[in-house]
$ cat upload.csv   # CSV, C-alpha atoms
chain,number,residue,atom,x,y,z
K,45,MET,CA,45.3,8.6,-5.6
K,46,ASP,CA,41.9,10.0,-6.6
K,47,LYS,CA,42.5,8.8,-10.2
K,48,ARG,CA,43.9,5.4,-9.1
K,49,SER,CA,46.6,5.6,-11.7
K,50,SER,CA,50.4,5.8,-12.0
K,51,VAL,CA,52.4,8.2,-14.1
K,52,THR,CA,56.0,7.7,-15.4
K,53,LEU,CA,57.9,10.8,-14.4
K,54,ASP,CA,61.4,10.2,-15.6
K,55,SER,CA,64.0,7.5,-16.4
K,56,THR,CA,67.7,7.2,-16.5
K,57,GLN,CA,70.5,4.6,-17.0
K,58,ILE,CA,72.5,2.9,-14.2
K,59,GLU,CA,76.2,3.3,-14.9
K,60,ASN,CA,78.8,1.7,-12.6
K,61,GLY,CA,76.1,1.0,-10.1
K,62,LYS,CA,75.0,4.6,-9.8
K,63,PHE,CA,72.2,6.7,-11.3
K,64,THR,CA,70.9,10.3,-11.0
K,65,LEU,CA,67.4,11.7,-11.4
K,66,GLU,CA,66.6,15.3,-10.9
K,67,GLY,CA,63.7,17.7,-11.6
K,68,PRO,CA,61.0,19.8,-9.9
K,69,LEU,CA,58.8,18.4,-7.2
K,70,ALA,CA,56.0,20.7,-6.2
K,71,SER,CA,55.3,18.9,-2.9
K,72,PRO,CA,56.2,15.7,-1.0
K,73,ARG,CA,55.0,12.6,-2.6
K,74,GLU,CA,55.6,8.8,-2.9
K,75,LEU,CA,57.8,7.8,-5.9
K,76,ASN,CA,58.6,4.3,-7.0
K,77,LEU,CA,61.9,3.3,-8.5
K,78,MET,CA,61.5,0.5,-11.1
K,79,ILE,CA,64.6,-1.3,-12.2
K,80,PRO,CA,64.2,-4.0,-15.0
K,81,VAL,CA,67.1,-6.4,-15.1
K,82,GLU,CA,67.1,-9.6,-17.2
K,83,GLY,CA,63.4,-10.3,-16.9
K,84,ILE,CA,63.1,-9.2,-13.2
K,85,THR,CA,61.8,-5.9,-12.1
K,86,TYR,CA,63.2,-4.6,-8.9
K,87,TYR,CA,61.2,-1.8,-7.3
K,88,ALA,CA,61.5,0.4,-4.2
K,89,ARG,CA,59.2,3.1,-2.7
K,90,VAL,CA,60.8,6.4,-1.8
K,91,MET,CA,59.0,9.2,0.0
K,92,ALA,CA,60.5,12.2,-1.7
K,93,ASP,CA,60.4,15.9,-1.1
K,94,LYS,CA,62.2,18.9,-2.6
K,95,SER,CA,65.5,18.0,-0.9
K,96,ALA,CA,68.5,16.4,-2.5
K,97,MET,CA,68.3,12.7,-1.7
K,98,GLU,CA,70.6,9.8,-1.7
K,99,VAL,CA,69.1,6.3,-2.2
K,100,LYS,CA,71.0,3.1,-1.8
K,101,LEU,CA,69.6,-0.2,-3.1
K,102,ASP,CA,70.8,-3.7,-2.6
K,103,THR,CA,69.3,-6.3,-4.9
K,104,ALA,CA,70.5,-9.1,-2.6
K,105,GLY,CA,68.6,-7.8,0.3
K,106,TYR,CA,65.1,-7.8,-1.0
K,107,GLU,CA,62.0,-7.5,1.2
K,108,ARG,CA,59.7,-9.8,-0.8
K,109,LYS,CA,59.4,-11.4,-4.2
K,110,MET,CA,56.3,-12.2,-6.2
K,111,ASN,CA,56.6,-13.7,-9.7
K,112,ASN,CA,59.1,-11.5,-11.5
K,113,TYR,CA,58.8,-8.5,-9.2
K,114,VAL,CA,61.2,-8.0,-6.3
K,115,SER,CA,60.6,-5.4,-3.6
K,116,LEU,CA,63.7,-3.7,-2.2
K,117,VAL,CA,64.2,-1.8,1.0
K,118,PRO,CA,65.9,1.5,0.1
K,119,GLU,CA,68.3,3.3,2.4
K,120,VAL,CA,67.3,7.0,2.1
K,121,THR,CA,69.0,10.1,3.4
K,122,GLY,CA,68.1,13.7,2.8
K,123,SER,CA,64.3,13.5,2.7
K,124,ALA,CA,62.4,14.8,5.7
K,125,PHE,CA,59.2,13.2,4.3
K,126,ASN,CA,60.9,9.8,4.1
K,127,LYS,CA,62.2,10.1,7.6
K,128,GLU,CA,58.8,11.1,9.0
K,129,TYR,CA,57.1,8.2,7.1
K,130,GLY,CA,59.7,5.9,8.7
K,131,SER,CA,58.5,7.1,12.1
K,132,TYR,CA,55.0,6.0,11.2
K,133,GLU,CA,56.2,2.7,9.8
K,134,ALA,CA,58.0,2.0,13.1
K,135,LEU,CA,54.6,2.4,15.0
K,136,ILE,CA,52.8,-0.2,12.8
K,137,LYS,CA,55.8,-2.6,12.3
K,138,PRO,CA,54.9,-5.0,15.2
K,139,PHE,CA,51.5,-5.6,13.7
K,140,VAL,CA,52.7,-5.6,10.0
K,141,ASP,CA,55.2,-8.3,10.9
K,142,LYS,CA,52.6,-10.5,12.4
K,143,LEU,CA,50.2,-9.8,9.5
K,144,SER,CA,52.9,-10.6,7.0
K,145,ALA,CA,53.7,-14.0,8.6
K,146,ILE,CA,50.0,-15.0,8.4
K,147,SER,CA,49.8,-13.6,4.9
K,148,GLU,CA,52.7,-15.8,3.7
K,149,SER,CA,50.9,-18.9,5.1
K,150,TYR,CA,47.7,-17.7,3.4
K,151,ASN,CA,49.4,-17.3,0.0
K,152,GLU,CA,51.1,-20.7,0.3
K,153,LEU,CA,47.8,-22.4,1.2
K,154,ASN,CA,45.9,-20.5,-1.5
K,155,GLY,CA,48.2,-21.9,-4.1
K,156,LYS,CA,47.4,-25.4,-2.9
K,157,TYR,CA,43.7,-24.5,-3.0
K,158,ALA,CA,44.0,-23.4,-6.6
K,159,THR,CA,45.7,-26.6,-7.5
K,160,ALA,CA,43.0,-28.7,-5.8
K,161,LEU,CA,40.3,-26.8,-7.8
K,162,LYS,CA,42.2,-27.3,-11.0
K,163,GLU,CA,42.5,-31.0,-10.4
K,164,LYS,CA,38.8,-31.0,-9.4
K,165,ASP,CA,39.6,-32.5,-6.0
K,166,GLU,CA,36.6,-30.9,-4.2
K,167,ALA,CA,37.1,-32.6,-0.8
K,168,THR,CA,40.7,-31.3,-0.5
K,169,ALA,CA,39.6,-27.9,-1.9
K,170,ASP,CA,36.9,-27.6,0.7
K,171,LYS,CA,39.4,-28.3,3.5
K,172,TYR,CA,41.7,-25.7,2.2
K,173,LYS,CA,38.9,-23.2,1.9
K,174,VAL,CA,38.0,-23.6,5.6
K,175,ARG,CA,41.6,-23.1,6.6
K,176,LEU,CA,41.9,-20.0,4.3
K,177,GLU,CA,38.8,-18.5,6.0
K,178,LYS,CA,40.4,-19.1,9.4
K,179,LEU,CA,43.6,-17.4,8.3
K,180,LYS,CA,41.6,-14.4,7.0
K,181,GLN,CA,40.0,-14.1,10.4
K,182,ASP,CA,43.4,-14.4,12.1
K,183,MET,CA,44.6,-11.4,10.1
K,184,ASP,CA,41.7,-9.2,11.0
K,185,PRO,CA,42.9,-8.2,14.5
K,186,PHE,CA,46.2,-7.0,13.2
K,187,ARG,CA,44.6,-5.0,10.4
K,188,GLU,CA,42.4,-3.4,13.1
K,189,GLN,CA,45.4,-2.5,15.2
K,190,ILE,CA,47.2,-1.0,12.1
K,191,ASP,CA,44.1,1.1,11.4
K,192,SER,CA,43.9,2.2,15.0
K,193,VAL,CA,47.5,3.3,15.1
K,194,THR,CA,47.0,5.1,11.7
K,195,ASP,CA,44.0,6.9,13.0
K,196,ARG,CA,45.9,8.1,16.1
K,197,TYR,CA,48.9,9.2,14.0
K,198,ILE,CA,46.7,11.3,11.6
K,199,LYS,CA,44.8,12.9,14.4
K,200,LYS,CA,48.0,13.9,16.2
K,201,ASN,CA,50.2,15.0,13.3
K,202,LEU,CA,48.1,16.3,10.3
K,203,ASN,CA,51.3,16.5,8.3
K,204,ASN,CA,52.3,15.4,4.7
K,205,VAL,CA,52.5,11.8,5.9
K,206,SER,CA,48.9,12.1,7.3
K,207,ALA,CA,47.7,13.6,4.1
K,208,TYR,CA,49.3,10.6,2.2
K,209,LEU,CA,47.6,8.1,4.5
K,210,MET,CA,44.3,9.9,4.3
K,211,SER,CA,44.4,9.9,0.5
K,212,MET,CA,44.0,6.1,0.6
K,213,LYS,CA,41.2,6.1,3.2
K,214,VAL,CA,38.7,8.8,2.3
K,215,VAL,CA,35.8,6.6,1.5
K,216,GLY,CA,36.5,4.3,4.4
K,217,TYR,CA,36.7,7.2,6.8
K,218,GLY,CA,33.6,8.8,5.4
K,219,LEU,CA,32.8,12.4,4.7
K,220,GLU,CA,32.4,13.8,8.2
K,221,LYS,CA,35.6,12.3,9.7
K,222,THR,CA,37.8,13.1,6.7
K,223,MET,CA,36.5,16.7,6.4
K,224,ALA,CA,37.1,17.3,10.2
K,225,TRP,CA,40.8,16.3,9.8
K,226,TYR,CA,41.3,17.9,6.4
K,227,ASP,CA,39.9,21.3,7.7
K,228,ARG,CA,42.5,21.3,10.5
K,229,MET,CA,45.4,20.8,8.1
K,230,PRO,CA,47.7,23.8,7.4
K,231,PRO,CA,47.1,25.4,3.9
K,232,GLU,CA,50.5,24.1,2.6
K,233,ILE,CA,49.5,20.6,3.4
K,234,GLN,CA,46.0,21.0,2.0
K,235,ASN,CA,47.4,22.4,-1.3
K,236,GLY,CA,50.1,19.7,-1.6
K,237,PHE,CA,49.9,16.6,-3.8
K,238,TYR,CA,48.1,14.4,-1.2
K,239,GLY,CA,46.0,17.2,0.3
K,240,THR,CA,44.7,18.0,-3.2
K,241,SER,CA,43.9,14.3,-3.7
K,242,VAL,CA,42.0,14.2,-0.4
K,243,LYS,CA,40.0,17.4,-1.5
K,244,ASN,CA,39.2,15.9,-4.9
K,245,GLN,CA,37.9,12.7,-3.3
K,246,LEU,CA,35.9,14.6,-0.8
K,247,ASP,CA,34.2,16.6,-3.6
K,248,LYS,CA,33.2,13.3,-5.3
K,249,LEU,CA,32.0,11.8,-2.0
K,250,LYS,CA,29.9,14.8,-1.2
K,251,LYS,CA,27.9,14.2,-4.4
K,252,ALA,CA,27.1,10.6,-3.2
K,253,SER,CA,26.6,11.1,0.5
K,254,THR,CA,23.6,12.0,2.8
K,255,GLY,CA,21.8,15.1,1.6
K,256,ALA,CA,23.0,14.9,-2.0
K,257,LYS,CA,20.6,14.3,-4.9
K,258,ALA,CA,21.0,10.7,-6.1
K,259,ALA,CA,22.5,10.4,-9.6
K,260,LEU,CA,19.9,9.1,-12.0
K,261,PHE,CA,20.7,6.2,-14.2
K,262,ALA,CA,19.0,3.8,-16.7
K,263,ALA,CA,20.0,0.2,-17.3
K,264,THR,CA,18.7,-3.1,-18.6
K,265,ASP,CA,17.9,-5.5,-15.7
K,266,ILE,CA,18.7,-9.2,-15.8
K,267,ASN,CA,15.3,-10.0,-17.3
K,268,GLY,CA,16.0,-7.7,-20.3
K,269,GLU,CA,13.6,-5.0,-19.0
K,270,GLU,CA,14.6,-1.3,-18.9
K,271,LEU,CA,15.1,0.1,-15.4
K,272,LYS,CA,15.2,3.8,-14.6
K,273,LEU,CA,15.9,5.1,-11.1
K,274,ALA,CA,13.6,8.1,-11.9
K,275,ASP,CA,10.7,5.7,-12.0
K,276,TYR,CA,11.2,4.9,-8.3
K,277,ARG,CA,10.3,8.4,-7.1
K,278,GLY,CA,7.7,8.3,-4.4
K,279,GLN,CA,9.3,5.3,-2.6
K,280,TYR,CA,12.4,4.5,-0.6
K,281,VAL,CA,15.1,2.7,-2.7
K,282,LEU,CA,18.2,1.0,-1.5
K,283,LEU,CA,21.0,0.7,-4.1
K,284,ASP,CA,23.1,-2.4,-3.2
K,285,PHE,CA,26.5,-2.4,-4.8
K,286,TRP,CA,27.9,-6.0,-4.5
K,287,ALA,CA,29.5,-9.0,-6.2
K,288,SER,CA,29.5,-12.7,-5.8
K,289,TRP,CA,33.2,-12.8,-4.9
K,290,CYS,CA,32.6,-10.4,-2.0
K,291,VAL,CA,32.3,-12.6,1.1
K,292,PRO,CA,30.7,-9.8,3.3
K,293,CYS,CA,28.2,-9.1,0.5
K,294,ARG,CA,27.1,-12.7,0.3
K,295,LYS,CA,26.9,-13.1,4.0
K,296,GLY,CA,24.6,-10.0,4.1
K,297,ASN,CA,22.2,-11.2,1.4
K,298,PRO,CA,19.9,-13.3,3.8
K,299,HIS,CA,19.5,-10.2,6.0
K,300,LEU,CA,18.8,-8.0,3.1
K,301,LEU,CA,16.1,-10.4,2.0
K,302,LYS,CA,14.4,-10.1,5.4
K,303,VAL,CA,14.6,-6.3,5.2
K,304,TYR,CA,13.1,-6.4,1.7
K,305,GLU,CA,10.2,-8.7,2.9
K,306,LYS,CA,9.5,-6.5,5.9
K,307,TYR,CA,9.3,-3.1,4.2
K,308,HIS,CA,8.6,-3.8,0.5
K,309,ASP,CA,4.8,-3.5,0.9
K,310,LYS,CA,5.3,-0.2,2.7
K,311,GLY,CA,7.1,1.5,-0.2
K,312,PHE,CA,10.6,0.1,-0.1
K,313,ASP,CA,12.5,-1.5,-2.9
K,314,ILE,CA,16.1,-2.7,-3.6
K,315,ILE,CA,18.1,-2.4,-6.7
K,316,SER,CA,21.3,-4.5,-6.8
K,317,VAL,CA,24.1,-3.3,-9.0
K,318,SER,CA,26.6,-6.0,-9.9
K,319,ASP,CA,27.3,-8.9,-12.3
K,320,ASP,CA,25.3,-11.5,-10.3
K,321,ASP,CA,21.7,-12.4,-9.6
K,322,ILE,CA,19.9,-13.4,-6.5
K,323,GLY,CA,16.6,-13.3,-8.2
K,324,VAL,CA,14.2,-11.4,-5.9
K,325,TRP,CA,14.3,-7.7,-6.4
K,326,LYS,CA,15.6,-5.7,-9.4
K,327,HIS,CA,19.1,-6.4,-10.5
K,328,VAL,CA,21.3,-4.6,-13.1
K,329,LEU,CA,24.9,-4.6,-14.3
K,330,ARG,CA,26.9,-1.6,-13.3
K,331,GLY,CA,28.0,-1.2,-16.9
K,332,MET,CA,31.8,-1.0,-16.5
K,333,LYS,CA,33.6,-0.4,-19.8
K,334,VAL,CA,37.1,-2.0,-20.1
K,335,ASP,CA,39.8,-1.7,-22.8
K,336,ARG,CA,41.8,-5.0,-22.8
K,337,SER,CA,43.9,-4.2,-25.9
K,338,GLU,CA,46.8,-3.2,-23.7
K,339,GLY,CA,46.4,-4.8,-20.3
K,340,PHE,CA,43.4,-3.7,-18.3
K,341,LYS,CA,42.2,-0.1,-18.6
K,342,ILE,CA,38.9,1.0,-17.2
K,343,LEU,CA,37.2,3.5,-19.6
K,344,GLY,CA,34.1,4.0,-17.5
K,345,ASP,CA,32.7,2.9,-14.1
K,346,GLY,CA,29.1,3.0,-15.3
K,347,ILE,CA,26.5,3.4,-12.5
K,348,SER,CA,29.2,3.1,-9.8
K,349,LYS,CA,30.8,6.4,-10.8
K,350,GLY,CA,27.7,8.5,-9.8
K,351,TYR,CA,27.9,7.0,-6.3
K,352,ASP,CA,31.7,7.0,-5.7
K,353,ILE,CA,31.9,3.3,-5.1
K,354,HIS,CA,35.4,2.1,-4.0
K,355,TYR,CA,34.6,-1.0,-2.0
K,356,LEU,CA,31.9,-3.7,-1.6
K,357,PRO,CA,29.3,-3.9,-0.2
K,358,THR,CA,28.2,-0.3,-0.4
K,359,LYS,CA,24.5,0.5,0.1
K,360,ILE,CA,22.9,3.8,-0.8
K,361,LEU,CA,19.5,4.7,0.7
K,362,ILE,CA,17.4,7.1,-1.3
K,363,ASP,CA,14.2,8.8,-0.1
K,364,PRO,CA,11.0,9.3,-2.2
K,365,ASN,CA,12.3,12.7,-3.4
K,366,GLY,CA,15.5,11.2,-4.8
K,367,ILE,CA,17.7,12.5,-2.0
K,368,ILE,CA,20.4,10.2,-0.5
K,369,ILE,CA,19.6,9.7,3.2
K,370,GLY,CA,22.2,7.1,4.1
K,371,ARG,CA,25.4,5.4,3.0
K,372,TYR,CA,26.2,2.0,4.6
K,373,ASP,CA,28.7,-0.9,4.4
K,374,SER,CA,28.4,-4.5,5.5
K,375,GLU,CA,27.3,-3.6,9.1
K,376,GLU,CA,23.6,-4.4,9.4
K,377,GLU,CA,22.6,-2.3,12.4
K,378,PRO,CA,23.0,1.2,11.0
K,379,LEU,CA,20.8,0.4,8.0
K,380,ASP,CA,18.2,-1.4,10.2
K,381,ALA,CA,18.0,1.6,12.5
K,382,LYS,CA,17.5,4.0,9.7
K,383,LEU,CA,14.7,1.9,8.1
K,384,LYS,CA,13.1,1.6,11.5
K,385,GLU,CA,13.2,5.4,11.8
K,386,VAL,CA,11.8,5.9,8.3
K,387,PHE,CA,8.9,3.3,8.6
K,388,GLY,CA,8.3,3.6,12.3
K,389,GLU,CA,9.0,0.0,13.3
$ encode --input "upload.csv" --output "structure tokens"
Amino acid sequence: MDKRSSVTLDSTQIENGKFTLEGPLASPRELNLMIPVEGITYYARVMADKSAMEVKLDTAGYERKMNNYVSLVPEVTGSAFNKEYGSYEALIKPFVDKLSAISESYNELNGKYATALKEKDEATADKYKVRLEKLKQDMDPFREQIDSVTDRYIKKNLNNVSAYLMSMKVVGYGLEKTMAWYDRMPPEIQNGFYGTSVKNQLDKLKKASTGAKAALFAATDINGEELKLADYRGQYVLLDFWASWCVPCRKGNPHLLKVYEKYHDKGFDIISVSDDDIGVWKHVLRGMKVDRSEGFKILGDGISKGYDIHYLPTKILIDPNGIIIGRYDSEEEPLDAKLKEVFGE
């Protein structure tokens, strides 16, 4: 999870409707069975452990289909990890079902929205866009309920399933919360596949959190001028990682402008890191390097790597000595409170 990549572990042939895979598994982990048949790829997630497992799949009883990919619901026996994960899934199922129903409506409407844009029917596209935003808002309460159930589950159990769930939420949970739960985990969980992933992510996050020395970088800004973070020593700097497609980012820009105008003359500056320009403070590209020769492979995250950026917006506040003193998301109040503390108003 910390490398955000997948690895092919093994393959086998299906003969007479049956297949066998075997080999060592150091600790419980999620495995995905991928079955290509006549241009369609069936896939199923299995939460595997060291036990002998039996997995039954029915291609006629798929969960969902998207393009040429079909998600199957496996019937699994023999894995304690899979059974425990099933207990967690049962807790969130009522909210997942409601979320899925809205998501289907969203995807259907989004297809119509894309068609309207393609046909340059702006009036219809605008109507669809308003309805899409409403559907997004309708999904938020169910996402929040899922997050709440997940938090309670992790806090209560601290098992392999909890480690698996935490491995996908480290940045969202933040350093303090994640470390508090990680430190309470038994050693065998900490040293397992997902416990190790959480630890690796924590180590990276520590280097980009409050108290750490800000990673220096140099880049060319949108005006073609060289920009070095080291040149900003002696003043407070807010690194704003954002993008034009990020709705919370764009909603927050007017407030960020007010913050800039209020504190700029007192020794405060903003450096935005993205691929877009709002034309007031300094703005640079993050410098992501991509290899498109075989799909889409990220070779380097550029500036973002030094600050462990996984979602947008993320704002990093740096003091005059180059030390990170705050890490913020789209919520405006925590950043406002910190700037008020720093500048005394």
$ residues_around --input "upload.csv" --residues "Met78 in chain K" --least-positions-apart "3" --cutoff "9 Å" --atoms "only C-alpha atoms" --output "VMD selection string"
chain K and resid 85 to 88
$ residues_around --input "upload.csv" --residues "Lys62 in chain K" --least-positions-apart "4" --cutoff "12 Å" --atoms "all atoms listed in the file" --output "tab-separated table (two decimals) with C-alpha atoms, keeping the file's coordinate frame"
chain	number	residue	atom	x	y	z
K	56	THR	CA	67.70	7.20	-16.50
K	57	GLN	CA	70.50	4.60	-17.00
K	58	ILE	CA	72.50	2.90	-14.20
K	98	GLU	CA	70.60	9.80	-1.70
K	99	VAL	CA	69.10	6.30	-2.20
K	100	LYS	CA	71.00	3.10	-1.80
K	101	LEU	CA	69.60	-0.20	-3.10
K	102	ASP	CA	70.80	-3.70	-2.60
$ atom_distance --input "upload.csv" --atom1 "CA of Arg108 in chain K" --atom2 "CA of Val140 in chain K"
13.5 Å
$ closest_atom_pairs --input "upload.csv" --of "range 199-239 of chain K" --to "range 244-259 of chain K" --cutoff "8 Å" --atoms "only C-alpha atoms" --output "Markdown table"
| residue | atom | partner | partner_atom | distance |
| --- | --- | --- | --- | --- |
| K:Val214 | CA | K:Gln245 | CA | 6.9 |
| K:Val215 | CA | K:Leu249 | CA | 7.3 |
| K:Leu219 | CA | K:Leu246 | CA | 6.7 |
| K:Thr222 | CA | K:Leu246 | CA | 7.9 |
| K:Met223 | CA | K:Leu246 | CA | 7.5 |
$ closest_residue --input "upload.csv" --among "K:Lys137, K:His308, K:Arg175, K:Lys127" --to "Val281 in chain K" --atoms "all atoms listed in the file"
K:His308
$ atom_distance --input "upload.csv" --atom1 "CA of Ala169 in chain K" --atom2 "CA of Ser374 in chain K"
27.0 Å
$ residues_around --input "upload.csv" --residues "range 66-73 of chain K" --least-positions-apart "5" --cutoff "8 Å" --atoms "only C-alpha atoms" --output "PyMOL selection string"
chain K and resi 91-94+125+204+208+236-238
$ closest_residue --input "upload.csv" --among "K:Gly218, K:Pro185, K:Pro230, K:Gly370" --to "Asn201 in chain K" --atoms "all atoms listed in the file"
K:Pro230
$ residues_around --input "upload.csv" --residues "Tyr355 in chain K" --least-positions-apart "2" --cutoff "10 Å" --atoms "all atoms listed in the file" --output "list in words"
Val215, Gly216, Phe285, Trp286, Cys290, Asp352, Ile353, Pro357, Thr358 and Asp373 of chain K
$ decode --input "upload.csv" --residues "range 156-230 of chain K" --atoms "C-alpha atoms" --output "PDB file, in the first residue's frame"
ATOM      1  CA  LYS K 156     -24.995  12.054 -20.038  1.00  0.00           C
ATOM      2  CA  TYR K 157     -22.966  15.039 -18.833  1.00  0.00           C
ATOM      3  CA  ALA K 158     -19.942  13.890 -20.852  1.00  0.00           C
ATOM      4  CA  THR K 159     -22.128  13.472 -23.946  1.00  0.00           C
ATOM      5  CA  ALA K 160     -23.565  16.984 -23.526  1.00  0.00           C
ATOM      6  CA  LEU K 161     -20.044  18.417 -23.272  1.00  0.00           C
ATOM      7  CA  LYS K 162     -18.953  16.498 -26.349  1.00  0.00           C
ATOM      8  CA  GLU K 163     -21.941  17.849 -28.282  1.00  0.00           C
ATOM      9  CA  LYS K 164     -21.208  21.346 -26.913  1.00  0.00           C
ATOM     10  CA  ASP K 165     -24.695  21.579 -25.432  1.00  0.00           C
ATOM     11  CA  GLU K 166     -23.680  23.920 -22.596  1.00  0.00           C
ATOM     12  CA  ALA K 167     -27.203  24.522 -21.248  1.00  0.00           C
ATOM     13  CA  THR K 168     -27.863  20.810 -20.778  1.00  0.00           C
ATOM     14  CA  ALA K 169     -24.332  20.217 -19.447  1.00  0.00           C
ATOM     15  CA  ASP K 170     -24.805  22.930 -16.824  1.00  0.00           C
ATOM     16  CA  LYS K 171     -28.042  21.319 -15.637  1.00  0.00           C
ATOM     17  CA  TYR K 172     -26.342  17.943 -15.371  1.00  0.00           C
ATOM     18  CA  LYS K 173     -23.424  19.512 -13.506  1.00  0.00           C
ATOM     19  CA  VAL K 174     -25.742  20.957 -10.845  1.00  0.00           C
ATOM     20  CA  ARG K 175     -27.412  17.576 -10.381  1.00  0.00           C
ATOM     21  CA  LEU K 176     -24.026  15.841 -10.198  1.00  0.00           C
ATOM     22  CA  GLU K 177     -22.895  18.197  -7.417  1.00  0.00           C
ATOM     23  CA  LYS K 178     -26.134  17.442  -5.543  1.00  0.00           C
ATOM     24  CA  LEU K 179     -25.516  13.693  -5.850  1.00  0.00           C
ATOM     25  CA  LYS K 180     -21.971  14.179  -4.522  1.00  0.00           C
ATOM     26  CA  GLN K 181     -23.404  15.946  -1.492  1.00  0.00           C
ATOM     27  CA  ASP K 182     -25.957  13.166  -1.040  1.00  0.00           C
ATOM     28  CA  MET K 183     -23.115  10.619  -0.859  1.00  0.00           C
ATOM     29  CA  ASP K 184     -21.150  12.496   1.797  1.00  0.00           C
ATOM     30  CA  PRO K 185     -23.249  11.445   4.853  1.00  0.00           C
ATOM     31  CA  PHE K 186     -22.888   7.761   3.973  1.00  0.00           C
ATOM     32  CA  ARG K 187     -19.124   8.116   3.467  1.00  0.00           C
ATOM     33  CA  GLU K 188     -18.943   9.793   6.881  1.00  0.00           C
ATOM     34  CA  GLN K 189     -20.913   6.948   8.457  1.00  0.00           C
ATOM     35  CA  ILE K 190     -18.593   4.374   6.880  1.00  0.00           C
ATOM     36  CA  ASP K 191     -15.591   6.299   8.185  1.00  0.00           C
ATOM     37  CA  SER K 192     -17.134   6.449  11.666  1.00  0.00           C
ATOM     38  CA  VAL K 193     -17.818   2.697  11.748  1.00  0.00           C
ATOM     39  CA  THR K 194     -14.285   2.024  10.451  1.00  0.00           C
ATOM     40  CA  ASP K 195     -12.744   4.200  13.177  1.00  0.00           C
ATOM     41  CA  ARG K 196     -14.678   2.382  15.901  1.00  0.00           C
ATOM     42  CA  TYR K 197     -13.725  -0.990  14.446  1.00  0.00           C
ATOM     43  CA  ILE K 198     -10.003  -0.191  14.358  1.00  0.00           C
ATOM     44  CA  LYS K 199     -10.007   1.275  17.866  1.00  0.00           C
ATOM     45  CA  LYS K 200     -11.787  -1.786  19.274  1.00  0.00           C
ATOM     46  CA  ASN K 201      -9.949  -4.579  17.450  1.00  0.00           C
ATOM     47  CA  LEU K 202      -6.397  -3.631  16.360  1.00  0.00           C
ATOM     48  CA  ASN K 203      -6.093  -6.887  14.405  1.00  0.00           C
ATOM     49  CA  ASN K 204      -4.928  -7.725  10.856  1.00  0.00           C
ATOM     50  CA  VAL K 205      -8.125  -6.290   9.391  1.00  0.00           C
ATOM     51  CA  SER K 206      -7.509  -3.060  11.312  1.00  0.00           C
ATOM     52  CA  ALA K 207      -3.944  -2.914  10.010  1.00  0.00           C
ATOM     53  CA  TYR K 208      -5.283  -3.425   6.466  1.00  0.00           C
ATOM     54  CA  LEU K 209      -7.808  -0.598   6.890  1.00  0.00           C
ATOM     55  CA  MET K 210      -5.217   1.703   8.475  1.00  0.00           C
ATOM     56  CA  SER K 211      -2.783   1.123   5.603  1.00  0.00           C
ATOM     57  CA  MET K 212      -5.197   3.021   3.339  1.00  0.00           C
ATOM     58  CA  LYS K 213      -5.874   5.845   5.795  1.00  0.00           C
ATOM     59  CA  VAL K 214      -2.532   6.881   7.289  1.00  0.00           C
ATOM     60  CA  VAL K 215      -2.370  10.338   5.725  1.00  0.00           C
ATOM     61  CA  GLY K 216      -6.060  10.974   6.327  1.00  0.00           C
ATOM     62  CA  TYR K 217      -5.798   9.963   9.974  1.00  0.00           C
ATOM     63  CA  GLY K 218      -2.634  11.958  10.483  1.00  0.00           C
ATOM     64  CA  LEU K 219       0.548  11.195  12.386  1.00  0.00           C
ATOM     65  CA  GLU K 220      -0.689  11.383  15.984  1.00  0.00           C
ATOM     66  CA  LYS K 221      -3.858   9.319  15.561  1.00  0.00           C
ATOM     67  CA  THR K 222      -2.206   6.617  13.443  1.00  0.00           C
ATOM     68  CA  MET K 223       0.801   6.273  15.764  1.00  0.00           C
ATOM     69  CA  ALA K 224      -1.462   5.968  18.812  1.00  0.00           C
ATOM     70  CA  TRP K 225      -3.255   2.988  17.243  1.00  0.00           C
ATOM     71  CA  TYR K 226      -0.141   1.477  15.687  1.00  0.00           C
ATOM     72  CA  ASP K 227       1.737   1.522  19.004  1.00  0.00           C
ATOM     73  CA  ARG K 228      -1.064  -0.484  20.641  1.00  0.00           C
ATOM     74  CA  MET K 229      -0.951  -3.245  18.037  1.00  0.00           C
ATOM     75  CA  PRO K 230       0.604  -6.617  19.005  1.00  0.00           C
TER      76      PRO K 230
END
